[in-house]
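Next up, target.txt (compact mmCIF, C-alpha atoms):
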```txt
# COMPACT_ATOMS: atom_id res chain seq x y z
CA MET Q 1 -20.63 -89.78 -15.36
CA SER Q 2 -22.05 -87.01 -13.23
CA ALA Q 3 -21.54 -85.91 -9.65
CA VAL Q 4 -24.20 -87.26 -7.33
CA VAL Q 5 -22.63 -85.95 -4.14
CA GLU Q 6 -20.23 -83.06 -3.94
CA PHE Q 7 -18.39 -81.66 -0.92
CA ARG Q 8 -17.40 -78.04 -1.50
CA ASN Q 9 -14.99 -76.73 1.14
CA ALA Q 10 -17.22 -78.43 3.71
CA SER Q 11 -16.04 -77.89 7.29
CA TYR Q 12 -17.53 -79.01 10.55
CA ARG Q 13 -16.61 -77.73 13.95
CA ILE Q 14 -17.89 -78.19 17.46
CA GLY Q 15 -16.79 -75.21 19.52
CA ALA Q 16 -13.12 -74.65 18.75
CA ARG Q 17 -12.52 -78.19 17.53
CA GLU Q 18 -12.47 -78.55 13.78
CA ILE Q 19 -13.60 -82.08 13.01
CA LEU Q 20 -13.63 -81.69 9.25
CA LYS Q 21 -11.40 -79.18 7.50
CA SER Q 22 -12.60 -77.77 4.23
CA LEU Q 23 -13.31 -81.06 2.47
CA THR Q 24 -13.66 -80.88 -1.29
CA LEU Q 25 -14.57 -84.16 -2.93
CA THR Q 26 -16.88 -85.40 -5.66
CA VAL Q 27 -18.70 -88.73 -5.73
CA GLU Q 28 -19.62 -89.87 -9.23
CA GLU Q 29 -22.67 -91.85 -10.19
CA GLY Q 30 -22.27 -95.60 -9.70
CA GLU Q 31 -18.98 -95.52 -7.84
CA THR Q 32 -18.16 -96.77 -4.37
CA LEU Q 33 -16.14 -94.13 -2.64
CA VAL Q 34 -14.52 -95.40 0.53
CA LEU Q 35 -13.69 -92.87 3.23
CA LEU Q 36 -10.71 -94.40 4.99
CA GLY Q 37 -9.21 -93.04 8.18
CA ARG Q 38 -8.43 -93.64 11.82
CA SER Q 39 -10.95 -93.06 14.60
CA GLY Q 40 -11.60 -89.34 14.88
CA SER Q 41 -10.44 -88.56 11.35
CA GLY Q 42 -13.83 -87.05 10.49
CA LYS Q 43 -15.06 -89.76 8.13
CA THR Q 44 -18.37 -90.40 9.90
CA THR Q 45 -18.97 -86.65 10.17
CA ALA Q 46 -18.48 -86.32 6.42
CA LEU Q 47 -20.92 -89.18 5.82
CA LYS Q 48 -23.63 -87.71 8.05
CA MET Q 49 -23.47 -84.46 6.09
CA VAL Q 50 -24.67 -86.24 2.97
CA ASN Q 51 -28.13 -87.13 4.29
CA GLY Q 52 -28.52 -84.06 6.44
CA LEU Q 53 -27.98 -85.66 9.85
CA LEU Q 54 -25.33 -82.94 10.16
CA PHE Q 55 -24.87 -79.72 8.25
CA PRO Q 56 -21.50 -78.14 7.43
CA SER Q 57 -20.41 -75.23 9.63
CA ALA Q 58 -18.90 -73.69 6.50
CA GLY Q 59 -19.00 -74.66 2.84
CA ASP Q 60 -21.62 -76.89 1.24
CA VAL Q 61 -22.51 -80.47 0.56
CA LEU Q 62 -24.49 -80.89 -2.65
CA VAL Q 63 -26.74 -83.82 -3.50
CA ASP Q 64 -27.89 -83.83 -7.13
CA GLY Q 65 -26.48 -80.31 -7.41
CA THR Q 66 -28.59 -78.90 -4.55
CA PRO Q 67 -27.05 -77.97 -1.18
CA THR Q 68 -28.35 -80.22 1.60
CA ARG Q 69 -29.58 -77.15 3.48
CA ARG Q 70 -31.97 -76.35 0.66
CA TRP Q 71 -33.39 -79.88 0.49
CA GLU Q 72 -36.59 -80.64 2.34
CA PRO Q 73 -35.03 -82.77 5.16
CA VAL Q 74 -37.43 -85.72 4.94
CA ARG Q 75 -37.23 -85.92 1.13
CA LEU Q 76 -33.44 -85.90 1.20
CA LYS Q 77 -33.25 -88.68 3.78
CA ARG Q 78 -35.74 -90.91 1.96
CA ARG Q 79 -33.64 -90.75 -1.19
CA ILE Q 80 -30.55 -91.92 0.64
CA GLY Q 81 -30.10 -95.35 2.21
CA TYR Q 82 -28.18 -95.49 5.47
CA VAL Q 83 -26.51 -98.49 7.09
CA ILE Q 84 -24.64 -98.20 10.39
CA GLN Q 85 -22.53 -100.57 12.45
CA GLU Q 86 -25.12 -100.82 15.23
CA ILE Q 87 -27.69 -101.47 12.47
CA GLY Q 88 -30.52 -99.89 14.47
CA LEU Q 89 -33.22 -102.34 13.43
CA PHE Q 90 -36.56 -101.59 15.07
CA PRO Q 91 -36.87 -104.27 17.79
CA HIS Q 92 -40.68 -104.13 17.80
CA TYR Q 93 -40.95 -104.76 14.04
CA THR Q 94 -40.52 -108.07 12.25
CA VAL Q 95 -37.84 -108.42 9.59
CA ALA Q 96 -40.45 -107.76 6.89
CA GLU Q 97 -41.76 -104.69 8.70
CA ASN Q 98 -38.23 -103.38 9.18
CA VAL Q 99 -37.41 -103.73 5.51
CA GLY Q 100 -40.73 -102.17 4.55
CA VAL Q 101 -40.39 -99.06 6.70
CA VAL Q 102 -39.51 -96.53 4.03
CA PRO Q 103 -41.98 -97.90 1.45
CA ARG Q 104 -44.67 -97.62 4.15
CA LEU Q 105 -43.65 -94.05 4.88
CA GLU Q 106 -43.85 -93.44 1.13
CA LYS Q 107 -47.39 -94.91 1.20
CA TRP Q 108 -46.86 -97.79 -1.19
CA ASP Q 109 -49.78 -100.25 -1.19
CA ALA Q 110 -49.46 -103.50 0.78
CA PRO Q 111 -49.00 -106.00 -2.09
CA ARG Q 112 -46.26 -103.86 -3.62
CA ILE Q 113 -44.47 -103.58 -0.26
CA ARG Q 114 -44.68 -107.33 0.28
CA ALA Q 115 -43.31 -108.11 -3.16
CA ARG Q 116 -40.51 -105.62 -2.66
CA VAL Q 117 -39.61 -106.98 0.79
CA ASP Q 118 -39.48 -110.58 -0.48
CA ALA Q 119 -37.30 -109.61 -3.42
CA LEU Q 120 -34.92 -107.65 -1.20
CA LEU Q 121 -34.59 -110.40 1.38
CA ARG Q 122 -33.67 -112.84 -1.39
CA GLN Q 123 -31.22 -110.32 -2.77
CA VAL Q 124 -29.37 -110.15 0.55
CA GLY Q 125 -29.41 -113.93 0.90
CA LEU Q 126 -32.25 -114.42 3.38
CA ASP Q 127 -35.15 -116.74 2.57
CA PRO Q 128 -38.36 -114.71 3.09
CA GLU Q 129 -40.31 -117.84 4.11
CA GLN Q 130 -37.90 -118.39 6.93
CA PHE Q 131 -37.03 -114.86 8.02
CA ALA Q 132 -39.83 -112.40 7.16
CA ALA Q 133 -41.83 -113.00 10.35
CA ARG Q 134 -38.88 -113.09 12.75
CA TYR Q 135 -37.95 -110.29 15.11
CA PRO Q 136 -34.42 -108.80 15.12
CA ALA Q 137 -33.69 -110.43 18.49
CA GLN Q 138 -34.06 -113.82 16.78
CA LEU Q 139 -31.30 -113.16 14.24
CA SER Q 140 -27.52 -113.50 14.29
CA GLY Q 141 -25.33 -110.41 13.88
CA GLY Q 142 -24.65 -111.16 10.23
CA GLN Q 143 -28.34 -111.76 9.47
CA ARG Q 144 -29.24 -108.49 11.16
CA GLN Q 145 -26.75 -106.62 9.05
CA ARG Q 146 -28.25 -108.20 5.91
CA VAL Q 147 -31.67 -106.97 7.01
CA GLY Q 148 -30.12 -103.54 7.60
CA VAL Q 149 -28.81 -103.49 4.02
CA ALA Q 150 -32.17 -104.66 2.65
CA ARG Q 151 -33.93 -101.93 4.63
CA ALA Q 152 -31.60 -99.27 3.24
CA LEU Q 153 -32.29 -100.49 -0.31
CA ALA Q 154 -36.06 -100.71 0.13
CA ALA Q 155 -37.27 -97.55 -1.55
CA ASP Q 156 -34.64 -97.78 -4.28
CA PRO Q 157 -32.53 -94.87 -3.03
CA GLU Q 158 -30.17 -93.06 -5.30
CA VAL Q 159 -27.24 -93.11 -2.90
CA LEU Q 160 -26.27 -95.53 -0.14
CA LEU Q 161 -24.27 -94.54 2.92
CA PHE Q 162 -22.42 -97.17 4.95
CA ASP Q 163 -20.83 -96.32 8.30
CA GLU Q 164 -18.48 -99.20 9.20
CA PRO Q 165 -21.38 -101.58 8.61
CA PHE Q 166 -19.40 -104.79 8.99
CA GLY Q 167 -17.23 -103.67 11.91
CA ALA Q 168 -19.04 -105.58 14.64
CA VAL Q 169 -19.33 -109.04 13.07
CA ASP Q 170 -16.85 -111.91 13.19
CA PRO Q 171 -14.25 -112.02 10.39
CA VAL Q 172 -15.81 -114.99 8.59
CA THR Q 173 -19.23 -113.34 8.49
CA ARG Q 174 -17.58 -110.06 7.52
CA LEU Q 175 -16.05 -111.62 4.43
CA ASP Q 176 -19.49 -113.02 3.48
CA LEU Q 177 -21.04 -109.59 3.85
CA GLN Q 178 -18.27 -107.94 1.85
CA LYS Q 179 -18.77 -110.43 -1.00
CA GLN Q 180 -22.49 -109.75 -0.78
CA PHE Q 181 -21.77 -106.03 -1.06
CA LEU Q 182 -19.77 -106.58 -4.26
CA ALA Q 183 -22.55 -108.76 -5.71
CA LEU Q 184 -25.16 -106.10 -4.91
CA ARG Q 185 -23.03 -103.45 -6.51
CA ARG Q 186 -22.68 -105.55 -9.64
CA ASP Q 187 -26.46 -106.11 -9.76
CA LEU Q 188 -27.69 -102.65 -8.77
CA GLY Q 189 -24.90 -100.27 -9.70
CA LYS Q 190 -25.81 -97.86 -6.90
CA THR Q 191 -23.67 -94.95 -5.86
CA ALA Q 192 -22.24 -95.65 -2.41
CA ILE Q 193 -20.12 -93.89 0.19
CA PHE Q 194 -18.55 -96.34 2.58
CA VAL Q 195 -16.76 -95.42 5.80
CA THR Q 196 -14.19 -97.82 7.23
CA HIS Q 197 -10.92 -97.91 9.15
CA ASP Q 198 -10.02 -101.29 7.66
CA VAL Q 199 -7.60 -100.81 4.76
CA ARG Q 200 -8.22 -104.35 3.50
CA GLU Q 201 -11.96 -103.67 3.32
CA ALA Q 202 -11.27 -100.36 1.57
CA LEU Q 203 -9.10 -102.01 -1.11
CA MET Q 204 -11.64 -104.79 -1.61
CA LEU Q 205 -14.76 -102.66 -1.98
CA ALA Q 206 -13.70 -99.26 -3.27
CA THR Q 207 -13.68 -97.90 -6.76
CA ARG Q 208 -11.88 -94.92 -5.19
CA ILE Q 209 -10.40 -94.43 -1.74
CA ALA Q 210 -10.39 -91.03 -0.01
CA LEU Q 211 -7.95 -91.00 2.89
CA LEU Q 212 -8.75 -88.66 5.78
CA ARG Q 213 -6.35 -87.62 8.53
CA ASP Q 214 -7.31 -85.32 11.41
CA GLY Q 215 -10.26 -83.98 9.45
CA ALA Q 216 -8.30 -83.21 6.29
CA LEU Q 217 -8.27 -85.07 2.99
CA GLU Q 218 -4.84 -86.65 2.44
CA LEU Q 219 -5.35 -88.20 -0.95
CA VAL Q 220 -7.91 -89.73 -3.30
CA ALA Q 221 -6.80 -92.75 -5.28
CA GLU Q 222 -8.06 -95.86 -6.99
CA PRO Q 223 -7.20 -98.98 -4.98
CA ARG Q 224 -4.31 -99.95 -7.28
CA GLN Q 225 -2.74 -96.51 -7.01
CA PHE Q 226 -3.37 -96.45 -3.28
CA LEU Q 227 -1.15 -99.53 -2.90
CA THR Q 228 1.81 -97.48 -4.11
CA ALA Q 229 0.90 -94.17 -2.44
CA LEU Q 230 3.79 -92.48 -0.68
CA GLY Q 231 2.20 -90.32 2.06
CA ASP Q 232 2.87 -91.18 5.72
CA GLU Q 233 -0.76 -91.93 6.52
CA ALA Q 234 -1.24 -94.12 3.45
CA ARG Q 235 1.96 -96.02 4.30
CA ALA Q 236 0.76 -96.40 7.89
CA PHE Q 237 -2.44 -98.04 6.67
CA LEU Q 238 -0.67 -100.17 4.08
CA ALA Q 239 1.73 -101.38 6.77
CA CYS Q 240 -1.29 -103.12 8.34
CA LEU Q 241 -1.40 -105.35 5.25
CA ASP Q 242 2.31 -106.15 5.22
CA TRP Q 243 2.47 -107.27 8.79
CA LYS Q 244 2.99 -111.03 8.73
CA VAL Q 245 1.87 -113.06 11.67
CA ASP Q 246 4.51 -115.48 12.85
CA PRO Q 247 2.96 -118.06 15.19
CA GLN Q 248 5.06 -119.01 18.18
CA MET E 249 -73.53 -109.51 57.41
CA ASN E 250 -76.79 -107.59 57.06
CA SER E 251 -78.07 -106.48 53.69
CA GLY E 252 -77.76 -102.78 54.60
CA LEU E 253 -74.02 -103.08 55.09
CA ALA E 254 -73.67 -105.20 51.93
CA SER E 255 -75.41 -102.66 49.75
CA GLU E 256 -73.38 -99.85 51.31
CA ILE E 257 -70.17 -101.74 50.52
CA VAL E 258 -71.27 -102.08 46.89
CA GLN E 259 -72.22 -98.43 46.66
CA LEU E 260 -69.02 -97.10 48.24
CA THR E 261 -66.90 -99.49 46.21
CA LEU E 262 -68.42 -98.11 43.01
CA GLU E 263 -67.85 -94.59 44.28
CA HIS E 264 -64.24 -95.49 45.07
CA LEU E 265 -63.72 -96.99 41.63
CA THR E 266 -65.15 -93.87 40.01
CA LEU E 267 -62.77 -91.65 41.97
CA VAL E 268 -59.81 -93.79 40.92
CA LEU E 269 -60.81 -94.13 37.25
CA VAL E 270 -61.52 -90.43 36.78
CA SER E 271 -58.30 -89.44 38.56
CA MET E 272 -56.19 -91.89 36.58
CA ALA E 273 -57.72 -90.84 33.26
CA ILE E 274 -56.86 -87.20 33.98
CA ALA E 275 -53.42 -88.06 35.36
CA ILE E 276 -52.53 -90.13 32.29
CA GLY E 277 -53.89 -87.41 30.02
CA VAL E 278 -51.63 -84.86 31.67
CA ALA E 279 -48.55 -86.84 32.64
CA VAL E 280 -47.89 -88.75 29.39
CA PRO E 281 -47.92 -85.63 27.18
CA ALA E 282 -45.88 -83.77 29.81
CA GLY E 283 -43.40 -86.64 29.90
CA ILE E 284 -43.13 -86.59 26.10
CA LEU E 285 -42.68 -82.83 26.14
CA ILE E 286 -39.76 -82.96 28.53
CA THR E 287 -37.98 -85.52 26.34
CA ARG E 288 -37.89 -82.73 23.73
CA ARG E 289 -37.12 -79.85 26.13
CA ALA E 290 -34.33 -80.89 28.45
CA ALA E 291 -34.28 -77.45 30.10
CA TRP E 292 -37.83 -77.94 31.41
CA ARG E 293 -37.09 -81.32 32.97
CA PRO E 294 -35.97 -80.18 36.45
CA TRP E 295 -38.96 -77.82 36.74
CA VAL E 296 -41.62 -80.23 35.61
CA LEU E 297 -40.24 -83.22 37.51
CA GLY E 298 -39.53 -80.99 40.50
CA PHE E 299 -43.15 -79.91 40.66
CA ALA E 300 -44.40 -83.50 40.48
CA ASN E 301 -41.83 -84.51 43.07
CA VAL E 302 -42.91 -81.82 45.53
CA MET E 303 -46.54 -82.89 45.10
CA GLN E 304 -45.59 -86.43 46.09
CA THR E 305 -43.74 -85.34 49.20
CA ILE E 306 -46.75 -83.56 50.70
CA PRO E 307 -48.49 -85.95 53.12
CA SER E 308 -51.75 -87.00 51.48
CA LEU E 309 -54.03 -85.84 54.28
CA ALA E 310 -52.31 -82.44 54.26
CA LEU E 311 -52.64 -82.15 50.47
CA PHE E 312 -56.39 -82.80 50.69
CA GLY E 313 -56.56 -80.16 53.44
CA PHE E 314 -54.49 -77.60 51.51
CA LEU E 315 -56.84 -77.82 48.54
CA ILE E 316 -60.03 -77.04 50.46
CA PRO E 317 -59.57 -73.23 50.47
CA VAL E 318 -58.30 -73.07 46.85
CA PRO E 319 -60.86 -71.43 44.54
CA LEU E 320 -62.28 -73.36 41.53
CA ILE E 321 -60.52 -76.66 42.21
CA GLY E 322 -60.93 -76.68 45.98
CA GLY E 323 -63.78 -76.97 48.42
CA ILE E 324 -65.41 -79.98 50.01
CA GLY E 325 -66.26 -82.99 47.88
CA LYS E 326 -65.26 -85.20 44.98
CA ARG E 327 -63.72 -82.53 42.78
CA THR E 328 -61.10 -81.61 45.36
CA ALA E 329 -60.39 -85.27 46.01
CA ILE E 330 -59.82 -85.91 42.31
CA VAL E 331 -57.45 -82.94 42.00
CA ALA E 332 -55.37 -84.26 44.89
CA LEU E 333 -55.31 -87.81 43.50
CA VAL E 334 -54.23 -86.51 40.09
CA LEU E 335 -51.39 -84.49 41.62
CA TYR E 336 -50.23 -87.63 43.40
CA ALA E 337 -50.32 -89.82 40.32
CA LEU E 338 -48.38 -87.46 38.03
CA LEU E 339 -44.82 -88.26 39.05
CA PRO E 340 -44.56 -92.00 38.39
CA ILE E 341 -46.29 -91.72 35.03
CA MET E 342 -44.30 -88.70 33.90
CA ARG E 343 -40.98 -90.09 35.04
CA ASN E 344 -41.56 -93.45 33.38
CA THR E 345 -42.62 -91.76 30.13
CA LEU E 346 -39.38 -89.77 30.15
CA VAL E 347 -37.20 -92.74 31.06
CA GLY E 348 -38.96 -95.03 28.59
CA ILE E 349 -38.48 -92.69 25.64
CA LEU E 350 -34.92 -91.70 26.52
CA GLY E 351 -34.16 -95.39 26.91
CA VAL E 352 -34.77 -96.09 23.22
CA ASP E 353 -31.47 -97.19 21.67
CA ALA E 354 -29.65 -94.25 20.07
CA ALA E 355 -28.91 -96.31 16.95
CA VAL E 356 -32.62 -97.09 16.55
CA ARG E 357 -33.50 -93.42 16.84
CA GLU E 358 -30.75 -92.41 14.41
CA SER E 359 -31.95 -94.99 11.89
CA ALA E 360 -35.51 -93.71 12.16
CA VAL E 361 -34.40 -90.14 11.53
CA ALA E 362 -32.05 -91.17 8.72
CA MET E 363 -34.89 -93.04 7.02
CA GLY E 364 -36.82 -89.82 6.83
CA MET E 365 -39.32 -90.22 9.65
CA THR E 366 -40.85 -86.94 10.76
CA GLY E 367 -40.78 -86.04 14.46
CA ARG E 368 -44.31 -87.33 14.84
CA GLN E 369 -43.59 -90.62 13.05
CA LEU E 370 -40.51 -91.13 15.21
CA LEU E 371 -42.64 -90.64 18.32
CA TRP E 372 -45.64 -92.79 17.40
CA ARG E 373 -44.00 -95.55 15.37
CA VAL E 374 -40.78 -96.00 17.28
CA GLU E 375 -40.46 -94.24 20.62
CA MET E 376 -43.94 -94.80 22.07
CA PRO E 377 -44.18 -98.51 21.15
CA LEU E 378 -40.73 -99.13 22.60
CA ALA E 379 -41.47 -97.07 25.73
CA ALA E 380 -44.98 -98.52 26.20
CA ARG E 381 -44.00 -101.11 28.75
CA THR E 382 -42.10 -98.64 30.92
CA ILE E 383 -44.94 -96.12 30.72
CA LEU E 384 -47.44 -98.82 31.65
CA ALA E 385 -45.30 -99.79 34.64
CA GLY E 386 -45.57 -96.16 35.82
CA ILE E 387 -49.34 -96.21 35.33
CA ARG E 388 -49.53 -99.44 37.30
CA VAL E 389 -47.65 -97.99 40.27
CA ALA E 390 -49.73 -94.82 40.16
CA THR E 391 -53.00 -96.77 39.98
CA VAL E 392 -52.24 -98.99 42.95
CA THR E 393 -51.13 -95.97 45.01
CA THR E 394 -54.22 -94.01 44.01
CA ILE E 395 -56.55 -96.82 45.10
CA GLY E 396 -55.02 -96.65 48.58
CA THR E 397 -54.80 -92.86 48.77
CA ALA E 398 -58.40 -92.48 47.61
CA THR E 399 -59.55 -93.82 50.99
CA ILE E 400 -58.40 -90.50 52.48
CA ALA E 401 -60.77 -88.63 50.14
CA ALA E 402 -63.53 -89.38 52.65
CA ALA E 403 -61.84 -86.95 55.05
CA ILE E 404 -62.87 -84.03 52.83
CA GLY E 405 -66.23 -85.41 51.79
CA GLY E 406 -65.01 -87.20 48.66
CA GLY E 407 -66.79 -90.44 49.52
CA GLY E 408 -65.49 -93.88 48.60
CA LEU E 409 -64.40 -96.74 50.84
CA GLY E 410 -62.64 -94.33 53.18
CA VAL E 411 -66.06 -93.49 54.58
CA PHE E 412 -66.11 -96.90 56.31
CA ILE E 413 -62.58 -96.48 57.58
CA PHE E 414 -63.06 -93.02 59.10
CA ARG E 415 -66.39 -94.06 60.58
CA GLY E 416 -64.82 -97.21 62.01
CA ILE E 417 -61.95 -95.27 63.55
CA ALA E 418 -64.32 -92.72 65.11
CA SER E 419 -66.54 -95.42 66.63
CA VAL E 420 -63.72 -97.91 67.38
CA ASP E 421 -65.52 -100.45 65.18
CA THR E 422 -63.10 -102.91 63.58
CA ALA E 423 -65.78 -104.42 61.36
CA GLN E 424 -66.44 -101.02 59.79
CA ILE E 425 -62.70 -100.44 59.20
CA LEU E 426 -62.43 -103.84 57.54
CA ALA E 427 -65.51 -103.16 55.41
CA GLY E 428 -63.52 -100.29 53.86
CA ALA E 429 -60.02 -101.72 53.94
CA VAL E 430 -60.68 -105.19 52.53
CA PRO E 431 -62.50 -104.10 49.34
CA ALA E 432 -59.84 -101.36 48.79
CA ALA E 433 -57.08 -103.94 49.10
CA CYS E 434 -58.92 -106.29 46.73
CA ILE E 435 -59.32 -103.55 44.12
CA ALA E 436 -55.61 -102.70 44.42
CA LEU E 437 -54.60 -106.35 43.98
CA ALA E 438 -56.92 -106.79 41.00
CA ALA E 439 -55.66 -103.62 39.31
CA ASP E 440 -52.05 -104.62 39.93
CA GLY E 441 -52.67 -108.08 38.50
CA ALA E 442 -54.55 -106.83 35.44
CA LEU E 443 -52.03 -104.13 34.55
CA GLY E 444 -49.18 -106.53 35.21
CA TRP E 445 -50.74 -108.96 32.77
CA VAL E 446 -50.98 -106.28 30.08
CA GLU E 447 -47.35 -105.35 30.76
CA ARG E 448 -46.23 -108.94 30.22
CA ARG E 449 -48.26 -109.15 27.04
CA LEU E 450 -46.44 -106.11 25.68
CA LYS E 451 -43.13 -107.76 26.45
CA ALA E 452 -44.16 -110.99 24.75
CA ASP E 453 -44.66 -109.08 21.50
CA ARG E 454 -40.92 -108.81 21.02
```
What does this structure look like when you write it as structure tokens?
Amino acid sequence: MSAVVEFRNASYRIGAREILKSLTLTVEEGETLVLLGRSGSGKTTALKMVNGLLFPSAGDVLVDGTPTRRWEPVRLKRRIGYVIQEIGLFPHYTVAENVGVVPRLEKWDAPRIRARVDALLRQVGLDPEQFAARYPAQLSGGQRQRVGVARALAADPEVLLFDEPFGAVDPVTRLDLQKQFLALRRDLGKTAIFVTHDVREALMLATRIALLRDGALELVAEPRQFLTALGDEARAFLACLDWKVDPQ
Amino acid sequence: MNSGLASEIVQLTLEHLTLVLVSMAIAIGVAVPAGILITRRAAWRPWVLGFANVMQTIPSLALFGFLIPVPLIGGIGKRTAIVALVLYALLPIMRNTLVGILGVDAAVRESAVAMGMTGRQLLWRVEMPLAARTILAGIRVATVTTIGTATIAAAIGGGGLGVFIFRGIASVDTAQILAGAVPAACIALAADGALGWVERRLKADR
């Protein structure tokens, strides 16, 4: 196992506000590290530092041992897949064109792109015959998110970043997408960093959970250990699981 | 209608069309890049838009008059008329370019950047296609306005269908006024219809 992504005392501040406080954390090859925290805990900020959408105000974030600042920005971003809650599919591109964006930027030839797009659509559970020529506006929320995942995987990136990707879909679809995520991980074994505020999702998908509170790292634990963690913030999240609904 | 008047209508209509086409080509060539530039430089926005705004507030006849004594671009004739028409057409095109590009969904832009598009790729593959319809709407407004305003070019020797109108007013000859006004109105309607059709086609692509 080797470190693919490493935060070294990485801080981020806007003016006087410190959004991320000296984060030190290592992400190993093949693992799914879940950044868990409330809104404003700094988890999205940490994620955006990995692909150079943000740079640390102090400290470093290393990808493959090289600080993100020293990477050529375009090269770094093309090696890292990125999936966000709003998905951000290009509305003027078909599903196939959306999935093929990065391969096109990387100047793959057309037959190779088409083969890749078809394979990816199947991998995320969409029949290429049926979906390749559609536009994003003609898809359901869950289908769009599948296309978003396929697009992020297109150029076979080394690391995948997920920013609350399943937060905006209905719970039934969410469970489908989460199962899909586990299947993809089993098949592809990619390194992933996954941001969520949903403790259930964190326990289901993570190989390790990093809990953030007010920009500081509270604890890092495997899901089983996390269940018995003693800190206030961990207990607060775990209490969400214990709450039993009692219908009137 | 005698054949002399008919051939004059054809000739002045062509002259009018030339004025409009040349002016619009220059205005688009200036206003679209300027609009793109101010999406990247927010500090320049009030200055650039302010200039275009002021140009639009000057009454058209006065603007034509103001330009006559200006060296290089001024004087009597077509060149001055084109400069004035360009200044008039800038604002709607520039503003719609700005609004169209800024209107691109933030998540779409973030995805494009995160996928490793360069600034140029972001502009040409994402922002411009998505802003195209808004920009075209600005061009459509500017074109229709220019067709009407170009009739005033005759006042400073710019030619075009305004020649009929000014002559008709001077000699209290309604037929002459109509000989200028009706073709100008027809051109404006045709341009509006054609550009509107293109606009709807762009929409149908998505």
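Distance annotation: of Q:Pro165, Q:Pro67, Q:Gly189, Q:Gly52, the residue with the minimal separation from chain E is Q:Gly52; atom set is all atoms listed in the file.
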Please find the residues of chain E near chain Q - the criterion being any atom within 12 Å, counting only C-alpha atoms - and write them as a PyMOL selection string. chain E and resi 352-367+369-370+373-381+450-454
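If you look at atom CA of Thr393 of chain E and atom CA of Ala273 of chain E, they are 14.4 Å away from each other.
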Polymer residues at most 6 Å from segment 20-35 of chain Q, all atoms listed in the file, same-chain spacing of 3 or more positions, as a PyMOL selection string: chain Q and resi 1-12+42-43+189-195+206-210+215-216
Atom CA of Asp214 of chain Q to atom CA of Arg235 of chain Q, straight-line distance in Å: 15.8 Å
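Between atom CA of Arg289 of chain E and atom CA of Ala275 of chain E the interatomic distance comes to 20.5 Å.
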Please, could N, CA and C atoms be added to segment 235-247 of chain Q and the result written as a PDB file, in the frame of the given file?
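Listed below is the output, result_9.pdb:
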```pdb
ATOM      1  N   ARG Q 235       0.981 -94.962   3.978  1.00  0.00           N
ATOM      2  CA  ARG Q 235       1.960 -96.020   4.300  1.00  0.00           C
ATOM      3  C   ARG Q 235       1.591 -96.675   5.629  1.00  0.00           C
ATOM      4  N   ALA Q 236       1.131 -95.847   6.577  1.00  0.00           N
ATOM      5  CA  ALA Q 236       0.760 -96.400   7.890  1.00  0.00           C
ATOM      6  C   ALA Q 236      -0.370 -97.408   7.738  1.00  0.00           C
ATOM      7  N   PHE Q 237      -1.334 -97.092   6.883  1.00  0.00           N
ATOM      8  CA  PHE Q 237      -2.440 -98.040   6.670  1.00  0.00           C
ATOM      9  C   PHE Q 237      -1.971 -99.266   5.904  1.00  0.00           C
ATOM     10  N   LEU Q 238      -1.127 -99.043   4.891  1.00  0.00           N
ATOM     11  CA  LEU Q 238      -0.670-100.170   4.080  1.00  0.00           C
ATOM     12  C   LEU Q 238       0.221-101.106   4.895  1.00  0.00           C
ATOM     13  N   ALA Q 239       0.891-100.554   5.914  1.00  0.00           N
ATOM     14  CA  ALA Q 239       1.730-101.380   6.770  1.00  0.00           C
ATOM     15  C   ALA Q 239       0.891-102.452   7.485  1.00  0.00           C
ATOM     16  N   CYS Q 240      -0.402-102.144   7.702  1.00  0.00           N
ATOM     17  CA  CYS Q 240      -1.290-103.120   8.340  1.00  0.00           C
ATOM     18  C   CYS Q 240      -1.422-104.379   7.473  1.00  0.00           C
ATOM     19  N   LEU Q 241      -1.292-104.210   6.158  1.00  0.00           N
ATOM     20  CA  LEU Q 241      -1.400-105.350   5.250  1.00  0.00           C
ATOM     21  C   LEU Q 241      -0.127-106.178   5.244  1.00  0.00           C
ATOM     22  N   ASP Q 242       1.015-105.483   5.370  1.00  0.00           N
ATOM     23  CA  ASP Q 242       2.310-106.150   5.220  1.00  0.00           C
ATOM     24  C   ASP Q 242       2.681-106.978   6.437  1.00  0.00           C
ATOM     25  N   TRP Q 243       2.085-106.613   7.558  1.00  0.00           N
ATOM     26  CA  TRP Q 243       2.470-107.270   8.790  1.00  0.00           C
ATOM     27  C   TRP Q 243       2.152-108.760   8.724  1.00  0.00           C
ATOM     28  N   LYS Q 244       3.191-109.582   8.785  1.00  0.00           N
ATOM     29  CA  LYS Q 244       2.990-111.030   8.730  1.00  0.00           C
ATOM     30  C   LYS Q 244       2.956-111.598  10.144  1.00  0.00           C
ATOM     31  N   VAL Q 245       1.966-112.442  10.351  1.00  0.00           N
ATOM     32  CA  VAL Q 245       1.870-113.060  11.670  1.00  0.00           C
ATOM     33  C   VAL Q 245       2.775-114.283  11.698  1.00  0.00           C
ATOM     34  N   ASP Q 246       3.582-114.356  12.727  1.00  0.00           N
ATOM     35  CA  ASP Q 246       4.510-115.480  12.850  1.00  0.00           C
ATOM     36  C   ASP Q 246       4.160-116.249  14.119  1.00  0.00           C
ATOM     37  N   PRO Q 247       3.408-117.358  13.977  1.00  0.00           N
ATOM     38  CA  PRO Q 247       2.960-118.060  15.190  1.00  0.00           C
ATOM     39  C   PRO Q 247       4.135-118.595  15.990  1.00  0.00           C
TER      40      PRO Q 247
END
```
